[in-house]
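Pasted below: data-v8.cif, mmCIF, C-alpha atoms and all ligand atoms.
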data_run
#
loop_
_atom_site.group_PDB
_atom_site.id
_atom_site.type_symbol
_atom_site.label_atom_id
_atom_site.label_comp_id
_atom_site.auth_asym_id
_atom_site.auth_seq_id
_atom_site.Cartn_x
_atom_site.Cartn_y
_atom_site.Cartn_z
ATOM 1 C CA MET A 6 -0.276 -3.993 6.566
ATOM 2 C CA SER A 7 2.570 -1.642 6.436
ATOM 3 C CA ILE A 8 4.589 1.513 6.638
ATOM 4 C CA LYS A 9 2.936 4.826 7.353
ATOM 5 C CA LYS A 10 1.865 6.424 4.140
ATOM 6 C CA THR A 11 1.839 10.192 4.351
ATOM 7 C CA ASN A 12 2.401 13.047 2.018
ATOM 8 C CA THR A 13 5.657 13.718 3.776
ATOM 9 C CA ARG A 14 8.694 11.580 4.296
ATOM 10 C CA LEU A 15 8.799 9.453 7.399
ATOM 11 C CA GLU A 16 10.236 11.099 10.425
ATOM 12 C CA LYS A 17 12.779 9.188 12.420
ATOM 13 C CA LYS A 18 11.834 9.574 16.064
ATOM 14 C CA THR A 19 13.704 7.039 18.116
ATOM 15 C CA SER A 20 16.451 4.518 17.756
ATOM 16 C CA LYS A 21 15.537 0.897 18.358
ATOM 17 C CA LYS A 22 14.704 0.214 21.995
ATOM 18 C CA ALA A 23 12.190 -1.916 23.822
ATOM 19 C CA ILE A 24 9.396 -0.240 25.718
ATOM 20 C CA PRO A 25 7.925 -2.718 28.180
ATOM 21 C CA GLY A 26 4.220 -3.450 27.956
ATOM 22 C CA LYS A 27 1.732 -5.871 29.490
ATOM 23 C CA LYS A 28 0.628 -8.638 27.110
ATOM 24 C CA VAL A 29 -2.912 -7.620 26.189
ATOM 25 C CA LYS A 30 -4.345 -8.897 22.942
ATOM 26 C CA LEU A 31 -6.029 -6.287 20.795
ATOM 27 C CA SER A 32 -9.361 -7.283 19.294
ATOM 28 C CA ARG A 33 -9.705 -7.413 15.494
ATOM 29 C CA ASP A 34 -11.548 -4.102 15.493
ATOM 30 C CA GLU A 35 -9.025 -2.328 17.772
ATOM 31 C CA LYS A 36 -6.142 -3.609 15.683
ATOM 32 C CA TYR A 37 -7.552 -2.361 12.355
ATOM 33 C CA ARG A 38 -8.813 0.899 13.854
ATOM 34 C CA LEU A 39 -5.280 1.674 15.040
ATOM 35 C CA TYR A 40 -3.842 0.621 11.693
ATOM 36 C CA LEU A 41 -6.245 2.710 9.645
ATOM 37 C CA GLY A 42 -5.698 5.678 11.948
ATOM 38 C CA SER A 43 -1.980 5.459 11.201
ATOM 39 C CA VAL A 44 -1.230 4.360 7.684
ATOM 40 C CA GLN A 45 -3.790 4.954 4.992
ATOM 41 C CA ASN A 46 -4.533 8.020 2.908
ATOM 42 C CA PRO A 47 -7.065 6.872 0.263
ATOM 43 C CA GLU A 48 -7.997 10.422 -0.781
ATOM 44 C CA ALA A 49 -4.394 11.194 -1.773
ATOM 45 C CA ASP A 50 -4.079 7.855 -3.604
ATOM 46 C CA ILE A 51 -7.302 8.436 -5.556
ATOM 47 C CA GLN A 52 -6.263 11.978 -6.449
ATOM 48 C CA PHE A 53 -2.989 10.640 -7.805
ATOM 49 C CA ILE A 54 -4.707 7.809 -9.749
ATOM 50 C CA ASN A 55 -7.159 10.245 -11.401
ATOM 51 C CA LYS A 56 -4.516 12.808 -12.262
ATOM 52 C CA GLU A 57 -2.153 10.314 -13.883
ATOM 53 C CA TYR A 58 -4.878 8.383 -15.689
ATOM 54 C CA LYS A 59 -6.278 11.604 -17.152
ATOM 55 C CA ALA A 60 -2.807 12.812 -18.179
ATOM 56 C CA ILE A 61 -2.191 9.541 -20.053
ATOM 57 C CA PHE A 62 -5.608 8.688 -21.521
ATOM 58 C CA GLY A 63 -7.356 12.100 -21.551
ATOM 59 C CA LYS A 64 -10.382 10.791 -19.634
ATOM 60 C CA THR A 65 -11.305 9.820 -16.107
ATOM 61 C CA PRO A 66 -11.035 6.205 -14.909
ATOM 62 C CA LYS A 67 -14.233 4.473 -13.811
ATOM 63 C CA SER A 68 -13.301 0.990 -12.631
ATOM 64 C CA LEU A 69 -10.702 0.026 -10.047
ATOM 65 C CA ARG A 70 -9.211 -3.259 -8.919
ATOM 66 C CA GLU A 71 -7.515 -2.965 -5.527
ATOM 67 C CA ASP A 72 -5.104 -5.874 -5.079
ATOM 68 C CA PHE A 73 -4.088 -6.914 -1.530
ATOM 69 C CA CYS A 74 -7.008 -4.709 -0.485
ATOM 70 C CA GLY A 75 -6.990 -5.585 3.228
ATOM 71 C CA THR A 76 -10.075 -3.824 4.586
ATOM 72 C CA GLY A 77 -10.836 -2.344 1.141
ATOM 73 C CA LEU A 78 -10.889 1.231 2.362
ATOM 74 C CA LEU A 79 -9.567 2.580 -0.942
ATOM 75 C CA ALA A 80 -12.095 0.637 -3.044
ATOM 76 C CA CYS A 81 -14.991 1.799 -0.826
ATOM 77 C CA GLU A 82 -13.805 5.403 -0.991
ATOM 78 C CA TRP A 83 -13.520 5.028 -4.799
ATOM 79 C CA VAL A 84 -17.195 4.134 -5.308
ATOM 80 C CA GLN A 85 -18.345 6.622 -2.692
ATOM 81 C CA GLN A 86 -16.695 9.577 -4.449
ATOM 82 C CA ASP A 87 -18.459 9.160 -7.805
ATOM 83 C CA LYS A 88 -21.638 7.346 -8.810
ATOM 84 C CA THR A 89 -20.192 6.240 -12.166
ATOM 85 C CA ARG A 90 -17.389 4.251 -10.533
ATOM 86 C CA THR A 91 -17.074 0.540 -9.757
ATOM 87 C CA ALA A 92 -14.477 -1.291 -7.660
ATOM 88 C CA PHE A 93 -13.213 -4.760 -6.775
ATOM 89 C CA GLY A 94 -11.103 -5.411 -3.675
ATOM 90 C CA ILE A 95 -9.107 -8.660 -3.629
ATOM 91 C CA ASP A 96 -7.541 -10.195 -0.534
ATOM 92 C CA LEU A 97 -6.714 -13.702 0.666
ATOM 93 C CA ASP A 98 -7.449 -13.047 4.314
ATOM 94 C CA MET A 99 -10.985 -12.943 5.709
ATOM 95 C CA GLU A 100 -9.887 -11.043 8.825
ATOM 96 C CA PRO A 101 -9.259 -7.632 7.192
ATOM 97 C CA LEU A 102 -12.046 -8.270 4.669
ATOM 98 C CA SER A 103 -14.576 -8.878 7.432
ATOM 99 C CA TYR A 104 -13.459 -5.729 9.243
ATOM 100 C CA GLY A 105 -13.909 -3.836 5.972
ATOM 101 C CA VAL A 106 -17.403 -5.209 5.385
ATOM 102 C CA VAL A 107 -18.553 -4.246 8.878
ATOM 103 C CA ASN A 108 -16.817 -0.872 9.031
ATOM 104 C CA HIS A 109 -16.418 0.547 5.477
ATOM 105 C CA TYR A 110 -18.867 -1.290 3.239
ATOM 106 C CA SER A 111 -21.686 -0.870 5.759
ATOM 107 C CA GLU A 112 -21.165 2.905 5.600
ATOM 108 C CA LEU A 113 -21.976 2.908 1.871
ATOM 109 C CA THR A 114 -25.513 3.399 0.578
ATOM 110 C CA GLU A 115 -27.189 0.406 -1.038
ATOM 111 C CA GLU A 116 -26.517 1.908 -4.469
ATOM 112 C CA GLU A 117 -22.811 2.422 -3.651
ATOM 113 C CA GLN A 118 -22.597 -1.140 -2.328
ATOM 114 C CA SER A 119 -23.921 -2.424 -5.661
ATOM 115 C CA ARG A 120 -20.815 -0.938 -7.327
ATOM 116 C CA MET A 121 -18.266 -2.410 -4.896
ATOM 117 C CA LYS A 122 -17.312 -6.069 -4.653
ATOM 118 C CA TYR A 123 -15.005 -7.754 -2.147
ATOM 119 C CA ILE A 124 -13.283 -10.871 -3.449
ATOM 120 C CA ASN A 125 -11.765 -13.315 -0.984
ATOM 121 C CA GLY A 126 -9.177 -14.574 -3.427
ATOM 122 C CA ASN A 127 -5.624 -14.629 -4.699
ATOM 123 C CA VAL A 128 -4.255 -11.737 -6.790
ATOM 124 C CA MET A 129 -2.533 -14.384 -8.937
ATOM 125 C CA SER A 130 -5.844 -15.976 -9.975
ATOM 126 C CA ALA A 131 -7.704 -15.393 -13.230
ATOM 127 C CA TYR A 132 -10.764 -13.151 -12.979
ATOM 128 C CA ASP A 133 -13.507 -12.541 -15.520
ATOM 129 C CA PHE A 134 -13.301 -8.755 -15.417
ATOM 130 C CA LYS A 135 -10.876 -6.037 -16.521
ATOM 131 C CA THR A 136 -10.650 -2.595 -14.991
ATOM 132 C CA ASP A 137 -9.361 0.844 -15.976
ATOM 133 C CA VAL A 138 -6.974 0.848 -13.041
ATOM 134 C CA VAL A 139 -5.266 -1.885 -11.030
ATOM 135 C CA VAL A 140 -3.441 -0.843 -7.870
ATOM 136 C CA ALA A 141 -1.172 -2.709 -5.460
ATOM 137 C CA PHE A 142 -0.606 -0.243 -2.660
ATOM 138 C CA ASN A 143 1.051 -0.257 0.717
ATOM 139 C CA PHE A 144 3.945 -2.244 -0.719
ATOM 140 C CA SER A 145 2.084 -5.548 -0.395
ATOM 141 C CA TYR A 146 3.876 -7.139 -3.361
ATOM 142 C CA TYR A 147 7.122 -6.973 -1.320
ATOM 143 C CA LEU A 148 5.919 -10.307 0.066
ATOM 144 C CA PHE A 149 7.000 -11.868 -3.215
ATOM 145 C CA LYS A 150 10.643 -12.611 -2.516
ATOM 146 C CA LYS A 151 11.572 -14.292 -5.783
ATOM 147 C CA ARG A 152 11.828 -12.459 -9.097
ATOM 148 C CA SER A 153 9.892 -15.309 -10.736
ATOM 149 C CA GLU A 154 6.963 -14.823 -8.318
ATOM 150 C CA LEU A 155 6.828 -11.092 -8.885
ATOM 151 C CA LEU A 156 7.032 -11.658 -12.642
ATOM 152 C CA GLN A 157 4.126 -14.095 -12.378
ATOM 153 C CA TYR A 158 2.077 -11.518 -10.462
ATOM 154 C CA PHE A 159 2.828 -8.651 -12.864
ATOM 155 C CA THR A 160 2.095 -10.953 -15.833
ATOM 156 C CA SER A 161 -1.250 -11.882 -14.323
ATOM 157 C CA VAL A 162 -2.128 -8.212 -13.769
ATOM 158 C CA ARG A 163 -1.116 -7.433 -17.348
ATOM 159 C CA LYS A 164 -3.557 -10.100 -18.613
ATOM 160 C CA HIS A 165 -6.386 -8.357 -16.751
ATOM 161 C CA MET A 166 -5.819 -5.019 -18.466
ATOM 162 C CA LYS A 167 -7.377 -3.322 -21.505
ATOM 163 C CA LYS A 168 -5.489 -1.022 -23.863
ATOM 164 C CA ASP A 169 -6.566 1.952 -21.741
ATOM 165 C CA SER A 170 -5.795 0.425 -18.344
ATOM 166 C CA LEU A 171 -3.152 1.584 -15.895
ATOM 167 C CA PHE A 172 -1.297 -0.444 -13.263
ATOM 168 C CA LEU A 173 -0.005 1.507 -10.279
ATOM 169 C CA ILE A 174 2.165 0.318 -7.427
ATOM 170 C CA ASP A 175 3.810 2.199 -4.625
ATOM 171 C CA MET A 176 7.251 1.532 -3.243
ATOM 172 C CA PHE A 177 9.516 2.795 -0.499
ATOM 173 C CA GLY A 178 13.221 2.974 0.022
ATOM 174 C CA GLY A 179 16.100 5.091 1.196
ATOM 175 C CA THR A 180 19.261 4.518 3.150
ATOM 176 C CA GLU A 181 17.390 4.241 6.466
ATOM 177 C CA THR A 182 14.943 1.596 5.289
ATOM 178 C CA ARG A 183 17.616 -1.090 5.167
ATOM 179 C CA GLN A 184 18.713 -0.711 8.757
ATOM 180 C CA GLU A 185 17.458 -2.076 12.060
ATOM 181 C CA LEU A 186 15.584 0.962 13.180
ATOM 182 C CA GLU A 187 12.321 1.780 14.864
ATOM 183 C CA GLU A 188 10.438 4.902 13.919
ATOM 184 C CA SER A 189 7.401 6.277 15.663
ATOM 185 C CA VAL A 190 4.611 8.699 14.919
ATOM 186 C CA LYS A 191 2.491 10.062 17.740
ATOM 187 C CA HIS A 192 -1.254 10.405 17.085
ATOM 188 C CA LYS A 193 -3.920 11.840 19.366
ATOM 189 C CA ASN A 194 -4.792 8.579 21.147
ATOM 190 C CA HIS A 195 -2.002 6.227 20.137
ATOM 191 C CA THR A 196 1.583 6.020 18.933
ATOM 192 C CA TYR A 197 2.427 4.054 15.794
ATOM 193 C CA TYR A 198 5.793 2.271 15.502
ATOM 194 C CA TRP A 199 7.330 1.052 12.247
ATOM 195 C CA ASP A 200 10.081 -1.340 13.213
ATOM 196 C CA CYS A 201 12.692 -2.743 10.852
ATOM 197 C CA SER A 202 13.749 -5.678 12.965
ATOM 198 C CA SER A 203 16.224 -7.230 10.525
ATOM 199 C CA TYR A 204 17.704 -6.687 7.089
ATOM 200 C CA ASN A 205 19.867 -9.152 5.180
ATOM 201 C CA PRO A 206 22.050 -7.301 2.670
ATOM 202 C CA LEU A 207 22.798 -10.519 0.814
ATOM 203 C CA THR A 208 19.175 -11.309 -0.035
ATOM 204 C CA SER A 209 17.476 -7.921 0.587
ATOM 205 C CA GLU A 210 15.059 -9.791 2.873
ATOM 206 C CA CYS A 211 13.742 -7.839 5.814
ATOM 207 C CA MET A 212 11.394 -8.278 8.727
ATOM 208 C CA TYR A 213 9.189 -5.358 9.629
ATOM 209 C CA TYR A 214 6.692 -5.033 12.487
ATOM 210 C CA ILE A 215 4.025 -2.537 13.423
ATOM 211 C CA HIS A 216 3.542 -1.867 17.139
ATOM 212 C CA PHE A 217 1.015 0.471 18.726
ATOM 213 C CA LYS A 218 1.009 2.202 22.088
ATOM 214 C CA THR A 219 -2.433 3.109 23.366
ATOM 215 C CA HIS A 220 -2.231 6.336 25.352
ATOM 216 C CA SER A 221 -5.253 5.602 27.564
ATOM 217 C CA ASP A 222 -3.459 2.729 29.350
ATOM 218 C CA GLY A 223 0.164 3.305 28.258
ATOM 219 C CA ILE A 224 0.441 -0.252 26.895
ATOM 220 C CA LYS A 225 2.695 -0.903 23.942
ATOM 221 C CA HIS A 226 1.191 -3.690 21.853
ATOM 222 C CA GLU A 227 4.115 -5.374 20.142
ATOM 223 C CA LYS A 228 4.144 -6.997 16.695
ATOM 224 C CA VAL A 229 0.494 -6.345 15.883
ATOM 225 C CA PHE A 230 1.353 -6.678 12.196
ATOM 226 C CA LYS A 231 4.327 -8.547 10.747
ATOM 227 C CA TYR A 232 5.857 -8.164 7.278
ATOM 228 C CA ASP A 233 8.309 -10.740 6.017
ATOM 229 C CA TRP A 234 9.419 -8.963 2.871
ATOM 230 C CA ARG A 235 12.070 -8.460 0.252
ATOM 231 C CA MET A 236 13.132 -4.907 -0.503
ATOM 232 C CA TRP A 237 12.913 -4.232 -4.232
ATOM 233 C CA ASP A 238 14.726 -1.531 -6.173
ATOM 234 C CA ALA A 239 12.948 0.820 -8.547
ATOM 235 C CA GLN A 240 14.832 -0.197 -11.660
ATOM 236 C CA GLU A 241 14.484 -3.878 -10.802
ATOM 237 C CA LEU A 242 10.697 -3.435 -10.576
ATOM 238 C CA ARG A 243 10.536 -1.630 -13.896
ATOM 239 C CA ASP A 244 12.620 -4.348 -15.557
ATOM 240 C CA ILE A 245 10.268 -7.035 -14.248
ATOM 241 C CA MET A 246 7.263 -5.041 -15.486
ATOM 242 C CA THR A 247 8.862 -4.880 -18.923
ATOM 243 C CA ASP A 248 9.459 -8.640 -18.837
ATOM 244 C CA ALA A 249 5.789 -9.087 -17.891
ATOM 245 C CA GLY A 250 4.802 -7.389 -21.142
ATOM 246 C CA PHE A 251 4.143 -3.813 -20.072
ATOM 247 C CA SER A 252 5.004 -1.411 -22.899
ATOM 248 C CA LYS A 253 5.975 1.561 -20.759
ATOM 249 C CA THR A 254 6.716 2.299 -17.108
ATOM 250 C CA VAL A 255 6.920 5.662 -15.388
ATOM 251 C CA ILE A 256 8.463 6.355 -12.023
ATOM 252 C CA TYR A 257 7.593 9.391 -9.958
ATOM 253 C CA TRP A 258 9.400 11.385 -7.328
ATOM 254 C CA GLU A 259 7.933 13.572 -4.613
ATOM 255 C CA GLY A 260 8.670 17.304 -4.579
ATOM 256 C CA VAL A 261 9.961 18.945 -1.421
ATOM 257 C CA ASP A 262 8.881 21.863 0.723
ATOM 258 C CA LYS A 263 11.278 24.574 1.853
ATOM 259 C CA ASP A 264 12.124 22.533 4.964
ATOM 260 C CA GLY A 265 13.157 19.579 2.786
ATOM 261 C CA THR A 266 10.176 17.345 3.619
ATOM 262 C CA GLY A 267 7.946 15.834 0.937
ATOM 263 C CA ASN A 268 5.112 18.025 -0.359
ATOM 264 C CA GLY A 269 2.789 15.291 -1.646
ATOM 265 C CA LYS A 270 3.289 16.330 -5.279
ATOM 266 C CA PHE A 271 4.639 13.490 -7.401
ATOM 267 C CA ARG A 272 6.114 14.092 -10.856
ATOM 268 C CA SER A 273 7.711 11.676 -13.309
ATOM 269 C CA ALA A 274 11.473 11.613 -12.837
ATOM 270 C CA THR A 275 14.594 9.832 -13.958
ATOM 271 C CA LYS A 276 16.999 11.076 -11.318
ATOM 272 C CA ALA A 277 16.495 11.650 -7.595
ATOM 273 C CA GLU A 278 18.314 12.585 -4.435
ATOM 274 C CA ASN A 279 19.541 9.604 -2.388
ATOM 275 C CA CYS A 280 17.589 10.545 0.737
ATOM 276 C CA GLU A 281 17.154 8.591 3.953
ATOM 277 C CA SER A 282 13.549 7.579 3.490
ATOM 278 C CA TRP A 283 11.118 7.984 0.634
ATOM 279 C CA VAL A 284 7.842 6.702 -0.775
ATOM 280 C CA THR A 285 6.861 6.856 -4.424
ATOM 281 C CA TYR A 286 4.764 5.324 -7.210
ATOM 282 C CA ILE A 287 5.495 3.407 -10.409
ATOM 283 C CA CYS A 288 2.900 3.221 -13.155
ATOM 284 C CA ALA A 289 2.851 0.700 -15.997
ATOM 285 C CA LEU A 290 0.987 0.780 -19.297
ATOM 286 C CA PRO A 291 -0.111 -2.373 -21.154
HETATM 287 C C1 LIG A 301 0.350 -5.019 3.650
HETATM 288 S S1 LIG A 301 -1.334 -5.580 3.711
HETATM 289 C C2 LIG A 301 -2.031 -4.266 2.780
HETATM 290 C C3 LIG A 301 -3.487 -4.078 2.881
HETATM 291 C C4 LIG A 301 -4.037 -2.836 2.204
HETATM 292 N N1 LIG A 301 -3.628 -2.702 0.823
HETATM 293 C C5 LIG A 301 -3.679 -1.599 2.964
HETATM 294 O O1 LIG A 301 -3.216 -0.645 2.402
HETATM 295 O O2 LIG A 301 -3.907 -1.537 4.133
HETATM 296 C C6 LIG A 301 -1.198 -6.939 2.613
HETATM 297 C C7 LIG A 301 -2.477 -7.704 2.357
HETATM 298 O O3 LIG A 301 -2.235 -8.601 1.282
HETATM 299 C C8 LIG A 301 -2.975 -9.791 1.488
HETATM 300 N N2 LIG A 301 -2.378 -10.835 0.628
HETATM 301 C C9 LIG A 301 -1.182 -11.433 0.762
HETATM 302 N N3 LIG A 301 -0.952 -12.274 -0.281
HETATM 303 C C10 LIG A 301 -2.022 -12.190 -1.101
HETATM 304 C C11 LIG A 301 -2.384 -12.793 -2.336
HETATM 305 N N4 LIG A 301 -1.559 -13.660 -2.960
HETATM 306 N N5 LIG A 301 -3.578 -12.486 -2.885
HETATM 307 C C12 LIG A 301 -4.420 -11.618 -2.273
HETATM 308 N N6 LIG A 301 -4.125 -10.992 -1.100
HETATM 309 C C13 LIG A 301 -2.953 -11.289 -0.512
HETATM 310 C C14 LIG A 301 -2.883 -10.012 2.970
HETATM 311 O O4 LIG A 301 -3.943 -10.823 3.435
HETATM 312 C C15 LIG A 301 -2.949 -8.574 3.508
HETATM 313 O O5 LIG A 301 -4.266 -8.199 3.837
#

Before anything else, please render the file you have as structure tokens.
Amino acid sequence: MSIKKTNTRLEKKTSKKAIPGKKVKLSRDEKYRLYLGSVQNPEADIQFINKEYKAIFGKTPKSLREDFCGTGLLACEWVQQDKTRTAFGIDLDMEPLSYGVVNHYSELTEEEQSRMKYINGNVMSAYDFKTDVVVAFNFSYYLFKKRSELLQYFTSVRKHMKKDSLFLIDMFGGTETRQELEESVKHKNHTYYWDCSSYNPLTSECMYYIHFKTHSDGIKHEKVFKYDWRMWDAQELRDIMTDAGFSKTVIYWEGVDKDGTGNGKFRSATKAENCESWVTYICALP
């Protein structure tokens, strides 16, 4: 799981320093509760998906495939919002999936549950269904470090699309994201830390961690989530999508408020300011 996803750019709070904490292991539920309370914004993602799909195809999307779905929060929210929608959430790891079943899926009505399916599987595998939208959010595909692996993944996604399907990924970058730096965001009951522990400029490989501090006991839980990733560039990603057979790719850029922070409104762009930290989307058409 990954970087905080907000409608605004990340705020740098502290430089890298260790805050001592007792070693106390968080339970599965505590760990995902803290994560979900820090990083996900499914409503904003769904709004963006609907807006872009409608702008391109002139209709609303009904079916969603959420790759690297983790707890499947987005897929559950998708079916809950509209009774004509269906969703599939795919993830290799039973730990987040089981949290999702107990905490998100169980909150759905029986009818909503009939339209949502968790798949404990690999995003590279062949599936017998195609959807209007495929998403890979929270930068999960950064785990593919080789161009050939990413090409294989994009090619597989492309094979699971119809002529009116859309593939959407998010990405992050900026001058600060390739530095050893720890950022923090304070929430009501906990503080979230996004820690770039190392970056290799020769390979673009990086190691990121998420830590949490629980305010009730003051303990900083270190390395609750670990991300061994490669940083990808926007143009590189679009080139690989083209090689995977996508006919068109669009990259977006977030508008800014008067104070210079992101306003949550993403528009297609070809040129952008080289800011310290940014999050955006790329969409690809079959
Ligand atoms: C960064 S987390 C993102 C989870 C979720 N999208 C979110 O926003 O919270 C990445 C997830 O990808 C899953 N994953 C890694 N490789 C995968 C693969 N080849 N196929 C399916 N899931 C995979 C991991 O188990 C993990 O849950």

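Residues matching the PyMOL selection byres (((chain A and resi 130-141) around 6) and not hetatm) in this structure come to Pro66, Ser68, Leu69, Arg70, Glu71, Asp72, Asn127, Val128, Met129, Phe142, His165, Met166, Ser170, Leu171, Phe172, Leu173 and Ile174 of chain A.
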
Given only C-alpha atoms as the basis, pick out the residue of A:Ile215, A:Met121, A:Leu97, A:Leu113 nearest to Ala80 of chain A.
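Of A:Ile215, A:Met121, A:Leu97, A:Leu113, the one nearest Ala80 of chain A, counting only C-alpha atoms, is A:Met121.
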
Show me which residues are within 10 Å of ligand LIG 301 (chain A) counting only C-alpha atoms and all ligand atoms, and format the list as a PyMOL selection string.
chain A and resi 6-10+37+40-41+44-47+71-80+94-102+124-130+140-149+158+230-232+234

The PyMOL selection byres (((chain A and resi 195) around 12) and not hetatm) resolved against shown file, as a ChimeraX atom specification:
/A:35-36,38-43,189-194,196-198,216-226

Selection to disk with C-alpha atoms, as a compact mmCIF listing (two decimals), keeping the file's coordinate frame:
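Contents of result06.txt, as written:
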# COMPACT_ATOMS: atom_id res chain seq x y z
CA GLU A 35 -9.02 -2.33 17.77
CA LYS A 36 -6.14 -3.61 15.68
CA ARG A 38 -8.81 0.90 13.85
CA LEU A 39 -5.28 1.67 15.04
CA TYR A 40 -3.84 0.62 11.69
CA LEU A 41 -6.24 2.71 9.64
CA GLY A 42 -5.70 5.68 11.95
CA SER A 43 -1.98 5.46 11.20
CA SER A 189 7.40 6.28 15.66
CA VAL A 190 4.61 8.70 14.92
CA LYS A 191 2.49 10.06 17.74
CA HIS A 192 -1.25 10.40 17.08
CA LYS A 193 -3.92 11.84 19.37
CA ASN A 194 -4.79 8.58 21.15
CA THR A 196 1.58 6.02 18.93
CA TYR A 197 2.43 4.05 15.79
CA TYR A 198 5.79 2.27 15.50
CA HIS A 216 3.54 -1.87 17.14
CA PHE A 217 1.01 0.47 18.73
CA LYS A 218 1.01 2.20 22.09
CA THR A 219 -2.43 3.11 23.37
CA HIS A 220 -2.23 6.34 25.35
CA SER A 221 -5.25 5.60 27.56
CA ASP A 222 -3.46 2.73 29.35
CA GLY A 223 0.16 3.30 28.26
CA ILE A 224 0.44 -0.25 26.90
CA LYS A 225 2.70 -0.90 23.94
CA HIS A 226 1.19 -3.69 21.85

To one decimal in Å, tell me the separation between atom CA of Glu112 of chain A and atom CA of Thr65 of chain A.
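According to the coordinates, atom CA of Glu112 of chain A and atom CA of Thr65 of chain A are separated by 24.8 Å.
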
Could you please determine the separation between atom CA of Ser209 of chain A and atom CA of Ser161 of chain A in Å, to one decimal place?
24.3 Å

I'd like to see the residues matched by the PyMOL selection byres (((chain A and resi 201) around 8) and not hetatm) on this file, and ideally I'd get them as a PyMOL selection string.
chain A and resi 182-187+199-200+202-204+211-214

Please write the residues from the selection above to a file, keeping C-alpha atoms, as a PDB file, in the coordinates of the input.
ATOM      1  CA  THR A 182      14.943   1.596   5.289  1.00  0.00           C
ATOM      2  CA  ARG A 183      17.616  -1.090   5.167  1.00  0.00           C
ATOM      3  CA  GLN A 184      18.713  -0.711   8.757  1.00  0.00           C
ATOM      4  CA  GLU A 185      17.458  -2.076  12.060  1.00  0.00           C
ATOM      5  CA  LEU A 186      15.584   0.962  13.180  1.00  0.00           C
ATOM      6  CA  GLU A 187      12.321   1.780  14.864  1.00  0.00           C
ATOM      7  CA  TRP A 199       7.330   1.052  12.247  1.00  0.00           C
ATOM      8  CA  ASP A 200      10.081  -1.340  13.213  1.00  0.00           C
ATOM      9  CA  SER A 202      13.749  -5.678  12.965  1.00  0.00           C
ATOM     10  CA  SER A 203      16.224  -7.230  10.525  1.00  0.00           C
ATOM     11  CA  TYR A 204      17.704  -6.687   7.089  1.00  0.00           C
ATOM     12  CA  CYS A 211      13.742  -7.839   5.814  1.00  0.00           C
ATOM     13  CA  MET A 212      11.394  -8.278   8.727  1.00  0.00           C
ATOM     14  CA  TYR A 213       9.189  -5.358   9.629  1.00  0.00           C
ATOM     15  CA  TYR A 214       6.692  -5.033  12.487  1.00  0.00           C
TER      16      TYR A 214
END

What does the distance from atom CA of Gln157 of chain A to atom CA of Gly250 of chain A come to in Å, to one decimal?
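Atom CA of Gly250 of chain A lies at a distance of 11.1 Å from atom CA of Gln157 of chain A.
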
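When only C-alpha atoms are used to compute distances to Gly269 of chain A, the closest of the residues A:Phe53, A:Tyr58, A:Phe251, A:Trp237 turns out to be A:Phe53.
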
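In terms of minimum interatomic distance to Phe62 of chain A, A:Lys168 ranks closest within A:Lys168, A:Glu227, A:Lys150, A:Glu278, counting only C-alpha atoms.
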
From the set A:Phe159, A:Ala60, A:Lys164, A:Ala49, which residue has the shortest atom-to-atom contact distance to Ser273 of chain A, counting all atoms listed in the file?
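Going through A:Phe159, A:Ala60, A:Lys164, A:Ala49 one by one, the smallest distance to Ser273 of chain A is for A:Ala60.
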
Point out the residue among A:Ala289, A:Ile54, A:Leu156, A:Cys280 with the least atom-to-atom distance to Phe177 of chain A, counting all atoms listed in the file.
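Smallest distance to Phe177 of chain A is found for A:Cys280.
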
Box time for segment 188-203 of chain A: axis-aligned, enclosing all its listed atoms, 6 Å extra on each side; report centre and edge lengths in Å to one decimal, as AutoDock Vina command-line options.
--center_x 5.7 --center_y 2.3 --center_z 15.8 --size_x 33.0 --size_y 31.1 --size_z 22.6

Name the closest residue to Arg235 of chain A among the candidates A:Glu154, A:Asp262, A:Glu181, A:Glu281; distances are taken between atoms, counting all atoms listed in the file.
A:Glu154

Generate the missing atoms of segment 129-136 of chain A up to N, CA and C atoms and report them as a CSV table (one decimal), keeping the file's coordinate frame.
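To be explicit, this is the file written out as rebuild34.csv:
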chain,number,residue,atom,x,y,z
A,129,MET,N,-3.1,-13.6,-7.8
A,129,MET,CA,-2.5,-14.4,-8.9
A,129,MET,C,-3.6,-15.1,-9.8
A,130,SER,N,-4.8,-15.2,-9.3
A,130,SER,CA,-5.8,-16.0,-10.0
A,130,SER,C,-6.4,-15.2,-11.2
A,131,ALA,N,-7.1,-16.0,-12.1
A,131,ALA,CA,-7.7,-15.4,-13.2
A,131,ALA,C,-9.1,-14.9,-12.8
A,132,TYR,N,-9.4,-13.7,-13.3
A,132,TYR,CA,-10.8,-13.2,-13.0
A,132,TYR,C,-11.4,-12.8,-14.3
A,133,ASP,N,-12.8,-12.8,-14.3
A,133,ASP,CA,-13.5,-12.5,-15.5
A,133,ASP,C,-13.9,-11.1,-15.7
A,134,PHE,N,-13.1,-10.2,-15.2
A,134,PHE,CA,-13.3,-8.8,-15.4
A,134,PHE,C,-12.0,-8.0,-15.6
A,135,LYS,N,-12.0,-6.9,-16.3
A,135,LYS,CA,-10.9,-6.0,-16.5
A,135,LYS,C,-11.3,-4.7,-16.0
A,136,THR,N,-10.3,-3.9,-15.5
A,136,THR,CA,-10.6,-2.6,-15.0
A,136,THR,C,-9.8,-1.5,-15.6
